[in-house]
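Dumped work-v7.cif below, it's mmCIF, C-alpha atoms:
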data_protein
#
loop_
_atom_site.label_atom_id
_atom_site.label_comp_id
_atom_site.auth_asym_id
_atom_site.auth_seq_id
_atom_site.Cartn_x
_atom_site.Cartn_y
_atom_site.Cartn_z
CA MET A 1 32.90 131.07 140.09
CA GLY A 2 30.85 128.98 142.47
CA ASP A 3 30.89 128.81 146.22
CA PRO A 4 33.58 126.28 147.28
CA SER A 5 31.52 125.38 150.36
CA LYS A 6 28.66 124.09 148.23
CA GLU A 7 28.15 121.09 145.99
CA PRO A 8 29.60 120.03 143.60
CA PHE A 9 32.80 121.87 144.55
CA ARG A 10 33.03 120.43 148.05
CA THR A 11 32.75 116.83 146.82
CA ILE A 12 35.22 117.37 143.98
CA ASN A 13 37.73 119.13 146.23
CA ALA A 14 37.54 116.31 148.76
CA ALA A 15 37.99 113.65 146.07
CA LEU A 16 41.09 115.34 144.67
CA ARG A 17 42.94 115.76 147.98
CA GLU A 18 44.70 112.43 147.46
CA TRP A 19 45.56 112.94 143.79
CA ARG A 20 49.16 113.62 142.78
CA GLN A 21 51.08 114.54 139.65
CA GLY A 22 52.03 111.26 137.97
CA ASP A 23 48.88 109.40 139.02
CA VAL A 24 47.40 107.25 136.27
CA ILE A 25 43.94 106.30 135.04
CA LEU A 26 43.58 102.88 133.45
CA ASP A 27 40.79 100.89 131.84
CA VAL A 28 38.38 103.80 131.50
CA ASP A 29 36.12 104.79 128.64
CA LEU A 30 37.58 108.26 128.20
CA PRO A 31 38.33 109.38 124.62
CA LEU A 32 41.42 111.38 123.82
CA TYR A 33 40.15 114.48 122.02
CA HIS A 34 41.94 116.82 119.67
CA LEU A 35 41.00 119.27 116.90
CA ALA A 36 41.67 118.77 113.20
CA ILE A 37 40.67 120.35 109.90
CA ALA A 38 38.11 118.28 108.00
CA GLY A 39 39.84 118.59 104.62
CA GLN A 40 43.38 118.14 105.96
CA PRO A 41 43.40 115.13 108.31
CA LEU A 42 46.91 114.29 109.50
CA THR A 43 46.14 111.15 111.51
CA ASP A 44 44.11 108.01 110.93
CA GLU A 45 41.70 109.10 113.66
CA ALA A 46 41.16 112.49 112.00
CA GLY A 47 40.65 110.84 108.61
CA LEU A 48 37.98 108.57 110.06
CA ALA A 49 36.29 111.46 111.86
CA SER A 50 36.25 113.45 108.62
CA GLN A 51 34.60 110.56 106.78
CA GLU A 52 31.98 110.29 109.50
CA GLN A 53 31.11 113.96 109.04
CA PRO A 54 30.56 114.24 105.27
CA GLU A 55 28.50 117.40 105.74
CA SER A 56 31.59 119.25 106.97
CA ASN A 57 33.26 121.83 104.75
CA PRO A 58 36.97 121.18 104.02
CA ASP A 59 37.97 124.15 106.21
CA ASP A 60 35.76 123.16 109.16
CA LEU A 61 37.30 122.27 112.50
CA ILE A 62 36.28 118.81 113.65
CA LEU A 63 36.58 117.19 117.06
CA VAL A 64 38.51 113.92 116.87
CA ALA A 65 38.07 111.22 119.50
CA GLY A 66 41.05 108.89 119.76
CA LYS A 67 41.68 105.89 121.95
CA CYS A 68 44.49 105.06 124.36
CA PRO A 69 44.94 102.53 127.19
CA GLY A 70 44.91 105.23 129.84
CA PHE A 71 46.10 108.64 130.99
CA ILE A 72 48.66 110.15 133.34
CA VAL A 73 48.18 113.39 135.28
CA LEU A 74 50.59 116.17 134.29
CA THR A 75 49.15 118.94 136.49
CA GLN A 76 51.34 119.80 139.46
CA THR A 77 50.14 118.40 142.77
CA CYS A 78 49.72 121.82 144.36
CA ASP A 79 47.30 122.81 141.57
CA LEU A 80 45.46 119.49 141.69
CA VAL A 81 44.58 119.84 145.37
CA ARG A 82 43.81 123.54 145.12
CA CYS A 83 40.14 124.49 145.25
CA SER A 84 38.39 123.73 141.97
CA THR A 85 36.78 127.17 141.95
CA ILE A 86 40.28 128.63 141.53
CA ARG A 87 41.92 125.85 139.50
CA PRO A 88 39.09 124.03 137.68
CA TYR A 89 41.26 122.25 135.11
CA ALA A 90 43.60 119.26 135.05
CA GLU A 91 45.96 118.23 132.27
CA LEU A 92 46.24 114.61 131.15
CA ALA A 93 48.68 112.92 128.77
CA ALA A 94 47.92 109.75 126.86
CA LEU A 95 49.54 106.45 127.82
CA VAL A 96 50.80 104.37 124.90
CA GLU A 97 52.17 100.84 124.72
CA VAL A 98 55.69 100.51 123.31
CA GLU A 99 58.18 97.77 122.46
CA PRO A 100 60.74 96.68 125.13
CA ASN A 101 63.69 98.38 123.42
CA PHE A 102 61.73 101.62 123.03
CA LEU A 103 60.75 101.39 126.71
CA ARG A 104 64.42 101.22 127.73
CA GLN A 105 65.19 104.27 125.61
CA VAL A 106 62.36 106.21 127.26
CA GLU A 107 63.63 105.15 130.70
CA LYS A 108 67.08 106.52 129.83
CA CYS A 109 65.54 109.80 128.59
CA TYR A 110 66.66 109.16 125.00
CA ARG A 111 63.10 109.84 123.81
CA PRO A 112 62.14 113.28 125.20
CA ALA A 113 58.62 113.22 123.72
CA TYR A 114 57.84 110.31 126.05
CA THR A 115 58.09 109.87 129.80
CA PHE A 116 58.82 106.71 131.75
CA VAL A 117 56.18 105.65 134.28
CA PRO A 118 57.81 103.17 136.72
CA ALA A 119 54.57 101.66 138.02
CA LEU A 120 53.53 100.77 134.45
CA ALA A 121 56.85 99.37 133.21
CA ASP A 122 55.53 95.80 133.32
CA LYS A 123 52.70 96.86 131.01
CA ARG A 124 55.16 98.70 128.72
CA LEU A 125 53.07 101.86 128.98
CA VAL A 126 54.72 105.29 128.75
CA ALA A 127 53.35 108.83 128.66
CA ASP A 128 53.16 110.47 125.24
CA LEU A 129 53.75 114.15 126.01
CA SER A 130 52.69 115.22 122.51
CA ARG A 131 49.13 113.96 123.13
CA VAL A 132 47.68 116.04 125.95
CA MET A 133 44.09 116.83 126.88
CA THR A 134 42.57 119.30 129.38
CA VAL A 135 39.62 118.18 131.51
CA GLU A 136 37.67 119.78 134.30
CA LYS A 137 38.55 118.39 137.71
CA ALA A 138 35.09 116.85 138.04
CA VAL A 139 36.11 114.43 135.26
CA LEU A 140 39.30 113.46 137.06
CA ALA A 141 37.51 113.06 140.39
CA SER A 142 35.11 110.55 138.84
CA PHE A 143 37.89 108.01 138.17
CA LYS A 144 39.90 105.69 140.37
CA ARG A 145 43.34 107.03 141.22
CA GLN A 146 46.34 104.77 140.72
CA PRO A 147 49.83 105.99 141.69
CA GLY A 148 52.28 106.00 138.80
CA LEU A 149 55.25 107.22 140.84
CA ARG A 150 56.33 105.53 144.06
CA SER A 151 59.27 107.48 145.47
CA THR A 152 60.82 110.93 145.62
CA LYS A 153 63.43 109.81 143.10
CA GLU A 154 60.74 108.74 140.62
CA ILE A 155 58.79 111.96 141.13
CA THR A 156 61.91 114.04 140.49
CA ALA A 157 62.78 112.08 137.34
CA PHE A 158 59.22 112.52 136.03
CA GLN A 159 59.28 116.27 136.65
CA GLN A 160 62.67 116.58 134.96
CA ALA A 161 61.31 114.72 131.93
CA LEU A 162 58.35 117.12 131.69
CA ALA A 163 60.66 120.12 131.88
CA ARG A 164 63.02 118.64 129.33
CA TYR A 165 60.26 118.09 126.78
CA LYS A 166 59.45 121.82 126.74
CA CYS A 167 62.91 123.23 127.37
CA ARG A 168 65.32 121.06 125.35
CA PHE A 169 67.83 122.87 123.20
CA ALA A 170 67.09 123.39 119.48
CA PHE A 171 70.26 122.27 117.70
CA PRO A 172 70.98 123.71 114.24
CA ASP A 173 69.57 121.64 111.38
CA ASP A 174 72.98 121.00 109.84
CA PHE A 175 74.22 119.64 113.18
CA ASN A 176 71.25 117.27 113.28
CA ASP A 177 72.23 116.10 109.78
CA ALA A 178 75.87 115.63 110.82
CA LEU A 179 74.84 113.41 113.73
CA ALA A 180 72.22 111.35 111.88
CA ASP A 181 74.35 108.19 111.49
CA PHE A 182 75.71 108.49 115.03
CA GLN A 183 72.21 108.83 116.41
CA GLU A 184 70.82 105.93 114.39
CA ARG A 185 73.69 103.64 115.43
CA LEU A 186 73.09 104.16 119.15
CA LYS A 187 69.33 103.76 118.72
CA LYS A 188 69.85 100.39 117.02
CA ARG A 189 72.36 99.15 119.59
CA ALA A 190 70.49 100.27 122.71
CA GLY A 191 69.10 97.27 124.57
CA LYS A 192 71.06 94.70 122.54
CA ASN A 193 72.82 91.89 124.40
CA SER A 194 76.19 92.60 122.80
CA GLU A 195 79.38 94.30 123.89
CA GLU A 196 78.40 97.48 122.09
CA GLY A 197 74.83 97.31 123.38
CA GLN A 198 76.08 96.95 126.94
CA HIS A 199 78.17 100.09 126.54
CA VAL A 200 75.17 102.03 125.20
CA GLU A 201 73.08 100.80 128.14
CA ALA A 202 75.79 101.90 130.59
CA LEU A 203 75.43 105.54 129.47
CA ALA A 204 73.43 107.88 131.66
CA GLU A 205 73.45 110.61 129.02
CA ILE A 206 75.49 112.25 126.28
CA ARG A 207 76.23 115.97 126.39
CA VAL A 208 77.79 118.30 123.84
CA ILE A 209 79.21 121.80 123.76
CA ALA A 210 80.07 123.92 120.71
CA GLN A 211 83.10 126.20 120.62
CA PRO A 212 83.15 129.12 120.09
CA ASP A 213 79.42 129.06 119.31
CA TRP A 214 76.82 126.95 117.52
CA TYR A 215 76.49 129.54 114.78
CA ALA A 216 80.18 130.17 114.14
CA GLU A 217 81.59 129.53 110.66
CA LYS A 218 83.64 126.60 112.03
CA VAL A 219 82.51 124.77 115.17
CA SER A 220 84.58 122.54 117.44
CA ILE A 221 82.52 119.91 119.22
CA VAL A 222 83.27 118.44 122.65
CA LEU A 223 81.31 115.34 123.68
CA TRP A 224 80.88 113.92 127.16
CA PHE A 225 79.65 110.34 127.42
CA ILE A 226 78.44 110.20 131.01
CA LYS A 227 78.41 106.64 132.31
CA ASN A 228 76.66 105.23 135.35
CA ARG A 229 78.67 101.99 135.31
CA ASP A 230 81.31 100.02 133.42
CA PRO A 231 80.16 96.98 131.43
CA GLU A 232 82.03 93.68 131.33
CA PRO A 233 84.28 93.64 129.41
CA GLU A 234 84.93 97.38 129.53
CA ASN A 235 86.19 98.84 126.24
CA TRP A 236 85.08 102.46 126.16
CA LEU A 237 87.92 103.69 123.95
CA ARG A 238 86.95 101.37 121.11
CA TRP A 239 83.29 102.29 121.10
CA ILE A 240 83.75 106.02 121.60
CA ASN A 241 86.13 106.12 118.65
CA GLU A 242 83.75 104.06 116.53
CA TRP A 243 80.70 106.13 117.44
CA THR A 244 82.35 109.51 116.88
CA SER A 245 83.69 108.32 113.51
CA LEU A 246 80.05 108.24 112.37
CA ILE A 247 79.73 112.00 112.86
CA ASP A 248 80.00 113.88 109.57
CA GLN A 249 82.98 116.22 109.98
CA LYS A 250 83.35 117.25 106.34
CA GLY A 251 81.32 120.43 106.92
CA LYS A 252 81.50 123.08 109.62
CA TYR A 253 81.63 120.66 112.60
CA LEU A 254 84.79 119.03 113.94
CA VAL A 255 84.91 116.71 116.95
CA GLU A 256 87.70 118.17 119.04
CA ASN A 257 87.34 115.82 122.00
CA ALA A 258 85.15 112.97 123.21
CA GLN A 259 85.54 111.52 126.66
CA VAL A 260 83.84 109.10 129.02
CA VAL A 261 83.21 110.41 132.53
CA ARG A 262 81.22 109.63 135.61
CA PRO A 263 78.80 112.35 136.75
CA GLU A 264 81.11 113.35 139.59
CA ASP A 265 84.03 113.81 137.16
CA MET A 266 82.31 116.53 135.15
CA ARG A 267 82.56 120.12 136.36
CA VAL A 268 79.28 121.84 137.12
CA SER A 269 80.16 124.63 134.69
CA GLU A 270 80.74 122.10 131.90
CA TYR A 271 77.43 120.41 132.59
CA LEU A 272 75.48 123.68 132.65
CA GLU A 273 77.12 125.02 129.49
CA SER A 274 76.55 121.81 127.53
CA GLN A 275 73.39 120.41 125.94
CA ARG A 276 71.98 116.91 126.15
CA LEU A 277 71.69 114.79 123.00
CA ASP A 278 68.61 112.67 122.34
CA LEU A 279 68.09 109.55 120.28
CA ASP A 280 64.58 110.71 119.39
CA HIS A 281 65.10 114.10 117.73
CA LEU A 282 68.21 116.16 118.29
CA SER A 283 66.29 119.41 117.91
#
Final structure tokens representation of the file:
Amino acid sequence: MGDPSKEPFRTINAALREWRQGDVILDVDLPLYHLAIAGQPLTDEAGLASQEQPESNPDDLILVAGKCPGFIVLTQTCDLVRCSTIRPYAELAALVEVEPNFLRQVEKCYRPAYTFVPALADKRLVADLSRVMTVEKAVLASFKRQPGLRSTKEITAFQQALARYKCRFAFPDDFNDALADFQERLKKRAGKNSEEGQHVEALAEIRVIAQPDWYAEKVSIVLWFIKNRDPEPENWLRWINEWTSLIDQKGKYLVENAQVVRPEDMRVSEYLESQRLDLDHLS
């Protein structure tokens, strides 16, 4: 490690003192790199890179340079501002442009592989947490910092989204299959200017608990539809009954109860024992 009192560490450390988790980099010529196998490209970018390296053997690793409209900083603020001799790396996630309905789903945490960035909502840019790249802090310090988060509430929501992406519950495959139609229905109705769409938009989250256990021979399911408001006109009973009727209950799963609650109406123990459902992938 170098001497933090000497260049370039002193300049880099000074430049990064103002950087924060959730800051964004826009309009920069910085490729998004990942590794692939020359003979087994899984993305268009990897296929193109493989064609551009015809001398490669099929089993060779190749470096793929992708493009994206920008990046967001995932590294925690305390590590960003820490001396670059001790913490020389920063982690960036790609920003991607999405459609308005998809943006609303990301904002409501229905798409856990993506994270909402409030300052970029007008550009319809969100963070793709599956496309992450590590850079040395000197790279980050060379770019202009733009805040992506503007309040404590936004910072907390961003951090919760990062934690959720890595820590979300892995539901059994047969449960995913049983909820496929239910999941697809809510995805299609989210953001629609209809009575049903307004009810979907009024949901803060959906949580589920299995009794006695997810891996029991027969499983009773309890669903909580947590609302943050009531739409006009309010008709929760109709839509909850219609949505839960889409759940396949011919196998091991049976919906024992489904109820609409406000966050303050749910016991802490119920919340902690339950798991959140996603519209992206249930597992």
Quiz item: When the PyMOL selection byres ((chain A and resi 137) around 10) is applied to the file above, which residues end up in the set, as a ChimeraX atom specification?
Solution: /A:9,12-13,15-16,80-81,83-85,87-91,134-136,138-142
Keeping only C-alpha atoms, write those residues as an mmCIF file, in the frame of the given file.
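Result file part.cif:
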data_model
loop_
_atom_site.group_PDB
_atom_site.id
_atom_site.type_symbol
_atom_site.label_atom_id
_atom_site.label_comp_id
_atom_site.auth_asym_id
_atom_site.auth_seq_id
_atom_site.Cartn_x
_atom_site.Cartn_y
_atom_site.Cartn_z
ATOM 1 C CA PHE A 9 32.800 121.870 144.550
ATOM 2 C CA ILE A 12 35.220 117.370 143.980
ATOM 3 C CA ASN A 13 37.730 119.130 146.230
ATOM 4 C CA ALA A 15 37.990 113.650 146.070
ATOM 5 C CA LEU A 16 41.090 115.340 144.670
ATOM 6 C CA LEU A 80 45.460 119.490 141.690
ATOM 7 C CA VAL A 81 44.580 119.840 145.370
ATOM 8 C CA CYS A 83 40.140 124.490 145.250
ATOM 9 C CA SER A 84 38.390 123.730 141.970
ATOM 10 C CA THR A 85 36.780 127.170 141.950
ATOM 11 C CA ARG A 87 41.920 125.850 139.500
ATOM 12 C CA PRO A 88 39.090 124.030 137.680
ATOM 13 C CA TYR A 89 41.260 122.250 135.110
ATOM 14 C CA ALA A 90 43.600 119.260 135.050
ATOM 15 C CA GLU A 91 45.960 118.230 132.270
ATOM 16 C CA THR A 134 42.570 119.300 129.380
ATOM 17 C CA VAL A 135 39.620 118.180 131.510
ATOM 18 C CA GLU A 136 37.670 119.780 134.300
ATOM 19 C CA ALA A 138 35.090 116.850 138.040
ATOM 20 C CA VAL A 139 36.110 114.430 135.260
ATOM 21 C CA LEU A 140 39.300 113.460 137.060
ATOM 22 C CA ALA A 141 37.510 113.060 140.390
ATOM 23 C CA SER A 142 35.110 110.550 138.840
#
Quiz prompt | Expected residue set, 10 Å radius at (59.0, 119.8, 129.4), only C-alpha atoms, as a PyMOL selection string | solution = chain A and resi 112-113+115+129+158-168
Practice problem: Grab the CA of Ala204 in chain A to CA of Leu92 in chain A distance for me, in Å with one decimal place. | Solution: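 These two atoms are separated by 28.0 Å.
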Exercise. Would you kindly translate the PyMOL selection byres ((chain A and resi 124) around 10) into the concrete residues it picks from this file, as a PyMOL selection string?
Key: chain A and resi 95-100+102-104+116-123+125-126
Self-check item: Distance of CA of Arg145 in chain A from CA of Trp19 in chain A, expressed in Å to one decimal place
Solution: 6.8 Å
Self-check item: Shell around range 31-35 of chain A at 10 Å using all atoms listed in the file, local window under 4 positions removed, as a list in words
Solution: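 Using all atoms listed in the file, the neighbours found are Pro41, Glu45, Ala46, Leu61, Ile62, Leu63, Val64, Ala65, Gly66, Lys67, Cys68, Pro69, Gly70, Phe71, Leu92, Ala93, Ala94, Arg131, Val132, Met133 and Thr134 of chain A.
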Quiz item: CA of Ala202 in chain A and CA of Ile226 in chain A are how many Å apart?
Solution: 8.7 Å
Exercise. Pull out every residue that the PyMOL selection byres ((chain A and resi 24) around 7) matches in the shown coordinates and put them as a list in words.
Key: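 This file, filtered by the PyMOL selection byres ((chain A and resi 24) around 7), leaves Gly22, Asp23, Ile25, Leu26, Phe71, Ile72, Val73, Arg145, Gln146, Pro147 and Gly148 of chain A.
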Quiz prompt | Top pick for closest residue to Ala170 in chain A, considering A:Glu107, A:Asp278, A:Glu195, A:Glu52 and counting all atoms listed in the file | solution =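 With all atoms listed in the file as the atom set, the closest residue is A:Asp278.
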Quiz item: Taking (87.0, 114.5, 120.8) in the file's coordinates as the center, which residues reach within 12 Å of it, counting only C-alpha atoms, put as an MDAnalysis selection string?
Solution: chainID A and resid 208:210 220:225 237 240:245 247 249 253:260
Quick one: which range 195-282 of chain A residues come within 10 Å of range 174-177 of chain A, and what is the nearest atom pair for each with the distance in Å to one decimal, counting all atoms listed in the file, rows ordered by chain and ascending number, as a tab-separated table?
residue	atom	partner	partner_atom	distance
A:Trp214	CA	A:Phe175	CA	8.9
A:Val219	CA	A:Phe175	CA	9.9
A:Ile247	CA	A:Asp177	CA	9.1
A:Asp248	CA	A:Asp177	CA	8.1
A:Gln249	CA	A:Phe175	CA	9.9
A:Gly251	CA	A:Asp174	CA	8.9
A:Lys252	CA	A:Asp174	CA	8.8
A:Tyr253	CA	A:Phe175	CA	7.5
A:His281	CA	A:Asn176	CA	8.2
A:Leu282	CA	A:Asn176	CA	6.0
Got time to write the residues from that selection, C-alpha atoms, as a PDB file, in the frame of the given file?
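Final output, part-v2.pdb:
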ATOM      1  CA  TRP A 214      76.820 126.950 117.520  1.00  0.00           C
ATOM      2  CA  VAL A 219      82.510 124.770 115.170  1.00  0.00           C
ATOM      3  CA  ILE A 247      79.730 112.000 112.860  1.00  0.00           C
ATOM      4  CA  ASP A 248      80.000 113.880 109.570  1.00  0.00           C
ATOM      5  CA  GLN A 249      82.980 116.220 109.980  1.00  0.00           C
ATOM      6  CA  GLY A 251      81.320 120.430 106.920  1.00  0.00           C
ATOM      7  CA  LYS A 252      81.500 123.080 109.620  1.00  0.00           C
ATOM      8  CA  TYR A 253      81.630 120.660 112.600  1.00  0.00           C
ATOM      9  CA  HIS A 281      65.100 114.100 117.730  1.00  0.00           C
ATOM     10  CA  LEU A 282      68.210 116.160 118.290  1.00  0.00           C
TER      11      LEU A 282
END
Quiz prompt | Nearest to Asn101 in chain A, chosen from A:Gly197, A:Pro263, A:Pro8, A:Gly191, with all atoms listed in the file counted in the distances | solution =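 Checking each candidate against Asn101 in chain A, we get A:Gly191 as the closest.
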